[in-house]
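**Q** Next comes the structure file coords.cif, holding mmCIF, C-alpha atoms.
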```
data_data
loop_
_atom_site.label_atom_id
_atom_site.label_comp_id
_atom_site.auth_asym_id
_atom_site.auth_seq_id
_atom_site.Cartn_x
_atom_site.Cartn_y
_atom_site.Cartn_z
CA MET A 17 11.94 -68.59 -219.86
CA THR A 18 10.27 -65.36 -220.91
CA PHE A 19 7.40 -63.79 -219.02
CA THR A 20 5.07 -64.41 -221.99
CA GLN A 21 6.02 -68.08 -222.12
CA GLN A 22 5.54 -68.43 -218.36
CA LYS A 23 2.09 -66.90 -218.76
CA GLU A 24 1.24 -69.25 -221.63
CA ASP A 25 2.46 -72.30 -219.65
CA LYS A 26 0.34 -71.20 -216.69
CA GLU A 27 -2.73 -70.86 -218.92
CA ILE A 28 -2.16 -74.31 -220.47
CA GLU A 29 -1.74 -75.78 -217.00
CA GLU A 30 -4.92 -74.13 -215.71
CA ALA A 31 -6.85 -75.45 -218.71
CA LEU A 32 -5.49 -78.98 -218.09
CA VAL A 33 -6.52 -78.85 -214.43
CA LYS A 34 -10.03 -77.71 -215.38
CA ASP A 35 -10.32 -80.45 -218.01
CA PHE A 36 -9.18 -83.07 -215.53
CA GLN A 37 -11.58 -81.78 -212.89
CA ALA A 38 -14.30 -82.24 -215.52
CA GLY A 39 -13.30 -85.91 -215.85
CA ASN A 40 -10.88 -85.87 -218.79
CA LEU A 41 -8.29 -88.58 -218.07
CA ASP A 42 -6.00 -87.51 -220.92
CA ALA A 43 -5.60 -84.17 -219.16
CA TYR A 44 -4.42 -86.09 -216.09
CA ASP A 45 -1.75 -87.89 -218.17
CA LYS A 46 -0.45 -84.54 -219.33
CA ILE A 47 -0.42 -83.16 -215.80
CA ALA A 48 1.44 -86.26 -214.58
CA GLU A 49 3.96 -85.90 -217.40
CA LEU A 50 4.47 -82.20 -216.60
CA TYR A 51 4.94 -82.74 -212.89
CA GLN A 52 6.59 -86.11 -212.33
CA GLN A 53 10.10 -84.76 -212.95
CA LYS A 54 9.57 -81.88 -210.50
CA ILE A 55 8.07 -84.15 -207.85
CA TYR A 56 10.84 -86.73 -208.24
CA ALA A 57 13.68 -84.16 -208.19
CA LEU A 58 12.40 -82.39 -205.08
CA SER A 59 11.79 -85.70 -203.27
CA PHE A 60 15.18 -87.05 -204.27
CA ASN A 61 17.02 -83.89 -203.25
CA LEU A 62 15.24 -83.91 -199.91
CA MET A 63 15.59 -87.62 -199.07
CA ARG A 64 18.50 -88.64 -201.30
CA ASN A 65 17.13 -92.10 -201.92
CA GLN A 66 15.86 -93.36 -205.28
CA MET A 67 13.34 -95.82 -203.87
CA ASP A 68 11.83 -93.28 -201.49
CA ALA A 69 11.68 -90.64 -204.24
CA GLN A 70 9.95 -93.13 -206.55
CA ASP A 71 7.41 -94.07 -203.86
CA VAL A 72 6.71 -90.43 -203.06
CA THR A 73 6.27 -89.61 -206.76
CA GLN A 74 3.74 -92.45 -207.13
CA GLU A 75 1.96 -91.40 -203.98
CA VAL A 76 1.73 -87.77 -205.08
CA LEU A 77 0.50 -88.69 -208.57
CA LEU A 78 -2.20 -90.80 -206.94
CA ILE A 79 -3.19 -88.00 -204.54
CA LEU A 80 -3.41 -85.58 -207.48
CA PHE A 81 -5.72 -88.05 -209.17
CA ARG A 82 -7.95 -88.65 -206.17
CA LYS A 83 -8.00 -85.19 -204.66
CA ILE A 84 -8.12 -82.98 -207.74
CA HIS A 85 -11.72 -82.05 -206.88
CA THR A 86 -10.46 -80.50 -203.61
CA PHE A 87 -8.15 -78.10 -205.50
CA GLN A 88 -10.00 -74.81 -205.53
CA GLY A 89 -7.46 -72.65 -207.29
CA LYS A 90 -6.86 -70.34 -204.33
CA SER A 91 -3.12 -70.80 -204.80
CA ALA A 92 -1.22 -71.83 -207.92
CA PHE A 93 -1.64 -75.49 -208.88
CA SER A 94 2.15 -75.94 -208.68
CA SER A 95 2.13 -74.68 -205.06
CA TRP A 96 -0.50 -77.28 -204.26
CA VAL A 97 1.60 -80.03 -205.85
CA TYR A 98 4.76 -78.92 -204.01
CA ARG A 99 2.86 -78.88 -200.71
CA ILE A 100 1.54 -82.42 -201.24
CA THR A 101 5.04 -83.58 -202.23
CA LEU A 102 6.65 -82.09 -199.13
CA ASN A 103 4.00 -83.62 -196.84
CA ALA A 104 4.59 -87.04 -198.41
CA CYS A 105 8.37 -86.64 -197.94
CA TYR A 106 7.98 -85.53 -194.32
CA MET A 107 5.76 -88.53 -193.52
CA ARG A 108 8.40 -90.84 -194.94
CA MET A 109 11.31 -89.06 -193.27
CA ARG A 110 9.60 -89.13 -189.88
CA SER A 111 9.12 -92.86 -190.05
CA LYS A 112 12.88 -93.31 -190.45
CA LYS A 113 15.51 -92.84 -187.82
CA LYS A 114 16.94 -89.40 -188.29
CA GLU A 115 20.53 -88.38 -187.94
CA PRO A 116 20.79 -85.66 -185.31
CA ASN A 117 20.98 -82.26 -186.97
CA ILE A 118 24.23 -80.42 -186.53
CA SER A 119 23.97 -76.90 -185.21
CA ILE A 120 23.83 -74.44 -188.05
CA ASP A 121 25.20 -71.66 -185.84
CA GLU A 122 28.57 -73.35 -185.66
CA LEU A 123 28.96 -72.84 -189.37
CA LEU A 124 27.96 -69.20 -189.52
CA PRO A 125 30.76 -66.62 -189.87
CA SER A 126 32.49 -65.42 -186.72
CA PHE A 127 33.10 -61.74 -186.02
CA SER A 128 35.17 -59.63 -183.64
CA GLY A 129 33.39 -57.64 -180.95
CA ALA A 130 33.32 -54.67 -183.33
CA GLY A 131 31.61 -56.80 -186.00
CA PHE A 132 34.55 -57.30 -188.35
CA GLN A 133 35.46 -60.61 -189.94
CA GLN A 134 37.91 -62.71 -188.00
CA GLU A 135 38.47 -65.46 -190.52
CA LYS A 136 40.75 -65.27 -193.48
CA ILE A 137 38.44 -65.26 -196.51
CA ARG A 138 39.68 -66.70 -199.77
CA ASP A 139 37.77 -65.96 -202.93
CA TRP A 140 37.37 -69.43 -204.46
CA SER A 141 34.49 -68.37 -206.71
CA LYS A 142 36.69 -68.27 -209.81
CA SER A 143 38.06 -71.76 -209.22
CA THR A 144 34.60 -73.24 -209.70
CA GLU A 145 34.53 -72.88 -213.47
CA SER A 146 33.30 -75.90 -215.38
CA SER A 147 36.75 -77.26 -216.24
CA LEU A 148 37.34 -78.02 -212.58
CA PHE A 149 33.86 -79.33 -212.05
CA THR A 150 34.25 -83.03 -211.43
CA ASN A 151 32.00 -85.77 -210.13
CA GLU A 152 33.87 -85.47 -206.88
CA THR A 153 32.90 -81.79 -206.66
CA ARG A 154 29.27 -82.67 -207.29
CA GLU A 155 29.36 -85.29 -204.53
CA VAL A 156 30.82 -82.73 -202.12
CA ILE A 157 28.01 -80.31 -202.97
CA LYS A 158 25.29 -82.97 -202.54
CA LYS A 159 26.72 -84.02 -199.18
CA ALA A 160 26.87 -80.40 -198.01
CA VAL A 161 23.18 -79.89 -198.90
CA ASP A 162 22.31 -83.15 -197.12
CA LEU A 163 23.88 -81.79 -193.96
CA LEU A 164 21.53 -78.81 -193.87
CA PRO A 165 18.92 -79.01 -191.13
CA GLU A 166 15.50 -79.86 -192.58
CA LYS A 167 13.92 -76.41 -192.12
CA GLU A 168 16.70 -74.64 -193.98
CA LYS A 169 17.08 -77.40 -196.55
CA VAL A 170 13.51 -77.29 -197.81
CA VAL A 171 13.60 -73.50 -198.20
CA PHE A 172 16.94 -73.73 -200.01
CA LEU A 173 15.67 -76.42 -202.41
CA LEU A 174 12.49 -74.55 -203.29
CA ARG A 175 14.07 -71.11 -203.53
CA ASP A 176 17.59 -71.60 -204.90
CA VAL A 177 17.29 -74.94 -206.70
CA GLU A 178 13.71 -74.88 -207.99
CA GLU A 179 13.99 -71.08 -208.29
CA LEU A 180 10.51 -70.36 -206.94
CA SER A 181 9.84 -66.83 -205.70
CA THR A 182 10.11 -65.95 -202.00
CA GLU A 183 6.35 -65.28 -201.93
CA LYS A 184 5.53 -68.65 -203.47
CA VAL A 185 7.78 -70.50 -201.03
CA SER A 186 6.18 -68.58 -198.18
CA GLY A 187 2.75 -69.77 -199.40
CA ILE A 188 3.82 -73.41 -199.85
CA LEU A 189 5.47 -73.66 -196.43
CA ASP A 190 3.03 -71.39 -194.62
CA LEU A 191 5.89 -69.21 -193.42
CA THR A 192 6.18 -65.43 -193.37
CA VAL A 193 8.30 -63.83 -196.11
CA PRO A 194 10.95 -62.66 -193.56
CA ALA A 195 11.14 -66.25 -192.20
CA VAL A 196 11.76 -67.62 -195.71
CA LYS A 197 14.47 -65.01 -196.32
CA SER A 198 16.13 -65.70 -192.99
CA ARG A 199 16.18 -69.49 -193.50
CA LEU A 200 17.49 -69.12 -197.04
CA HIS A 201 20.26 -66.79 -195.89
CA ARG A 202 21.28 -69.20 -193.10
CA ALA A 203 21.26 -72.11 -195.56
CA ARG A 204 23.50 -70.21 -197.97
CA LEU A 205 25.91 -69.22 -195.19
CA PHE A 206 26.07 -72.82 -193.99
CA LEU A 207 26.70 -74.18 -197.49
CA ARG A 208 29.22 -71.45 -198.29
CA LYS A 209 31.22 -72.43 -195.25
CA LYS A 210 31.02 -76.13 -196.10
CA LEU A 211 32.07 -75.56 -199.70
CA SER A 212 34.83 -73.15 -198.65
CA GLY A 213 36.54 -76.00 -196.82
CA TYR A 214 36.59 -77.97 -200.05
CA PHE A 215 37.35 -75.29 -202.63
CA GLU A 216 40.08 -73.60 -200.62
CA GLU A 217 41.93 -76.92 -200.65
CA TYR A 218 40.95 -77.58 -204.24
CA GLY A 219 42.38 -74.31 -205.50
CA SER A 220 45.54 -74.53 -203.43
CA PRO A 221 48.88 -75.91 -204.69
CA LYS A 222 48.34 -78.92 -202.41
CA GLY A 223 45.62 -80.03 -204.77
CA LYS A 224 42.37 -81.79 -204.05
CA ILE A 225 41.10 -83.14 -200.76
CA MET B 19 30.83 -47.22 -192.15
CA ILE B 20 28.85 -50.39 -191.53
CA CYS B 21 30.76 -53.38 -190.15
CA CYS B 22 31.30 -56.78 -191.82
CA LYS B 23 28.61 -58.46 -189.70
CA GLU B 24 25.96 -55.96 -190.79
CA CYS B 25 27.15 -56.31 -194.36
CA ILE B 26 26.84 -60.12 -194.32
CA ASP B 27 23.47 -59.97 -192.54
CA LEU B 28 22.18 -57.87 -195.45
CA LEU B 29 23.64 -59.97 -198.30
CA HIS B 30 20.37 -61.75 -199.12
CA ASP B 31 18.44 -58.50 -199.48
CA TYR B 32 21.38 -56.85 -201.27
CA LEU B 33 21.39 -59.54 -203.98
CA GLU B 34 17.62 -59.54 -204.20
CA GLY B 35 17.70 -55.78 -204.77
CA SER B 36 15.26 -55.13 -201.95
CA LEU B 37 17.39 -52.76 -199.82
CA ALA B 38 16.64 -49.06 -199.44
CA GLN B 39 18.96 -46.99 -201.62
CA GLU B 40 20.75 -45.51 -198.60
CA THR B 41 21.55 -48.96 -197.16
CA ARG B 42 22.60 -50.23 -200.57
CA ASP B 43 25.02 -47.31 -200.94
CA ALA B 44 26.44 -48.06 -197.48
CA LEU B 45 27.06 -51.68 -198.51
CA ASP B 46 28.67 -50.66 -201.80
CA GLU B 47 30.96 -48.33 -199.84
CA HIS B 48 31.86 -51.17 -197.47
CA PHE B 49 32.64 -53.50 -200.38
CA ARG B 50 34.96 -50.90 -201.94
CA GLU B 51 37.04 -50.87 -198.79
CA CYS B 52 36.80 -54.47 -197.62
CA PRO B 53 38.30 -57.18 -199.87
CA PRO B 54 37.32 -59.99 -197.43
CA CYS B 55 33.65 -59.00 -197.78
CA ILE B 56 33.99 -58.94 -201.59
CA ALA B 57 35.42 -62.47 -201.36
CA PHE B 58 32.53 -63.42 -199.10
CA LEU B 59 29.98 -61.94 -201.51
CA ASN B 60 31.50 -63.76 -204.52
CA THR B 61 31.63 -67.12 -202.74
CA TYR B 62 28.10 -66.62 -201.32
CA LYS B 63 26.81 -66.10 -204.88
CA SER B 64 28.85 -69.06 -206.21
CA THR B 65 27.42 -71.31 -203.50
CA SER B 66 23.85 -70.86 -204.72
CA ARG B 67 24.89 -71.26 -208.35
CA LEU B 68 26.94 -74.43 -207.77
CA CYS B 69 24.22 -76.08 -205.72
CA ARG B 70 21.56 -75.19 -208.29
CA GLU B 71 23.67 -76.50 -211.19
CA THR B 72 24.40 -79.73 -209.34
CA LEU B 73 20.96 -80.48 -207.95
CA HIS B 74 19.12 -79.42 -211.08
CA GLN B 75 20.73 -82.33 -212.87
CA ILE B 76 18.51 -84.82 -211.05
CA GLU B 77 16.67 -86.74 -213.75
CA ILE B 78 14.24 -89.57 -213.24
CA PRO B 79 16.24 -92.78 -213.86
CA ASP B 80 14.86 -94.90 -216.73
CA GLU B 81 13.77 -97.76 -214.47
CA VAL B 82 11.85 -95.36 -212.23
CA ARG B 83 10.25 -93.73 -215.28
CA HIS B 84 9.06 -97.13 -216.50
CA THR B 85 7.67 -98.01 -213.06
CA LEU B 86 5.79 -94.71 -212.98
CA GLN B 87 4.43 -95.20 -216.48
CA ASN B 88 3.17 -98.69 -215.61
CA PHE B 89 1.72 -97.42 -212.37
CA LEU B 90 -0.20 -94.67 -214.17
CA LYS B 91 -1.35 -97.05 -216.90
CA GLU B 92 -2.67 -99.62 -214.39
CA HIS B 93 -4.30 -96.94 -212.36
CA LYS B 94 -6.01 -95.47 -215.41
CA ILE B 95 -7.35 -98.90 -216.46
CA GLN B 96 -8.77 -99.35 -212.95
CA GLN B 97 -10.47 -95.95 -213.11
CA GLU B 98 -11.89 -96.51 -216.57
CA GLY B 99 -13.22 -99.89 -215.45
CA MET B 100 -15.13 -98.27 -212.58
#
```
Could you spell out this file's structure in structure tokens?
**A**
Amino acid sequence: MTFTQQKEDKEIEEALVKDFQAGNLDAYDKIAELYQQKIYALSFNLMRNQMDAQDVTQEVLLILFRKIHTFQGKSAFSSWVYRITLNACYMRMRSKKKEPNISIDELLPSFSGAGFQQEKIRDWSKSTESSLFTNETREVIKKAVDLLPEKEKVVFLLRDVEELSTEKVSGILDLTVPAVKSRLHRARLFLRKKLSGYFEEYGSPKGKI
Amino acid sequence: MICCKECIDLLHDYLEGSLAQETRDALDEHFRECPPCIAFLNTYKSTSRLCRETLHQIEIPDEVRHTLQNFLKEHKIQQEGM
């Protein structure tokens, strides 16, 4: 998307929000149509459950409807929607029994005392071209993301999957910019290690896992 | 020369282009002489790309879309009736 188009989309969105705040229900329909996919995808990626993602999407659409008058435009409207979505997901996740988080540190790279890599690193990046990209691969990737601890997972989803800027994620999560960067980096290291286990086997003569 | 640990600690900022020129040059020099770190860099970049491509494919299933449409329709009727 070009910068000009982004700017135009932002202006259209701002106009819709103003219209809806003035009582125009058609503007709400358009806002719901624009956002329901984003709300659903983020909820689903975070909770990995269709029913929960559907419930959260409904809940968020209802909150947008009821609370639109409280939106003052201090942050972007999209940031406000993402924040409401995450709160709704957290409420739902807290009410369910959680699997204990595995320690992320165990999956970070190990170094010698002098700071040099101890592991043998294979470059599997070229074996991930689309021809090898199967449903099985996608499942492995989804499971790896699911294993991320919650704090790192939400930053990873907003930053690397939704492709929001570091500053925007920092605003949505009320975290400092260095904290967002650090969590994102840890998430990527964790996922890289998880995927390495799979792709190193995948690309080897032994074949798939 | 910087060590592998420093190099990997700086990967996020390296890819974002937010490192000072001097540090960036030091990393480039390290990469030229350290194939394992090049492999690490390539797989680190691929990780983000693969996850994005996979998770971006989440679409609202048709039955959920219908439920949402009905929900919005009912809700709108309620509001208009108020």
**Q** With the cut-off set at 7 Å and counting all atoms listed in the file, tabulate each residue of chain B with an atom at most that distance from an atom of chain A, showing the nearest atom pair and its distance in Å to one decimal, ordered by chain and increasing number, as CSV.
**A**
```
residue,atom,partner,partner_atom,distance
B:Cys21,CA,A:Gly131,CA,5.4
B:Cys22,CA,A:Phe132,CA,4.8
B:Lys23,CA,A:Gly131,CA,5.0
B:His30,CA,A:His201,CA,6.0
B:Pro54,CA,A:Ile137,CA,5.5
B:Ala57,CA,A:Asp139,CA,4.5
B:Phe58,CA,A:Ile137,CA,6.7
B:Asn60,CA,A:Ser141,CA,5.9
B:Thr61,CA,A:Ser141,CA,5.1
B:Tyr62,CA,A:Arg208,CA,5.8
B:Ser64,CA,A:Ser141,CA,5.7
B:Thr65,CA,A:Arg208,CA,5.5
B:Ser66,CA,A:Asp176,CA,6.3
B:Cys69,CA,A:Ile157,CA,6.3
B:Arg70,CA,A:Val177,CA,4.6
B:Thr72,CA,A:Arg154,CA,6.0
B:Leu73,CA,A:Val177,CA,6.8
B:His74,CA,A:Val177,CA,6.5
B:Ile76,CA,A:Ala57,CA,5.7
B:Glu77,CA,A:Ala57,CA,6.8
B:Ile78,CA,A:Gln53,CA,6.4
B:Val82,CA,A:Gln70,CA,6.4
B:Leu86,CA,A:Gln74,CA,6.6
```
**Q** Here is a test: counting all atoms listed in the file, which residue of A:Gly213, A:Ala104, A:Lys26, A:Glu75 is nearest to Leu90 in chain B?
**A**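 Under the stated criterion, the closest residue is A:Glu75.
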**Q** Please, what distance in Å, to one decimal, runs between CA of Glu168 in chain A and CA of Leu180 in chain A?
**A**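 Here the two named atoms are 15.0 Å from each other.
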**Q** Under the PyMOL selection byres ((chain A and resi 184-188) around 9), which residues of this model are included? Write them out as JSON, numbers by chain.
**A** {"A": [91, 92, 95, 96, 98, 99, 171, 174, 175, 180, 181, 182, 183, 189, 190, 191, 192, 193, 194, 195, 196]}
**Q** Distance CA of Thr41 in chain B-CA of Leu29 in chain B, one decimal place?
**A**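 Straight-line distance from CA of Thr41 in chain B to CA of Leu29 in chain B works out to 11.3 Å.
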**Q** What does the distance between CA of Leu102 in chain A and CA of Gln87 in chain B come to in Å, to one decimal place?
**A** 21.9 Å
**Q** Go through the shown structure with the PyMOL selection byres ((chain A and resi 105-113) around 9) and write out the matching residues as a PyMOL selection string.
**A** chain A and resi 59+62-63+68-69+72+100-104+114-115
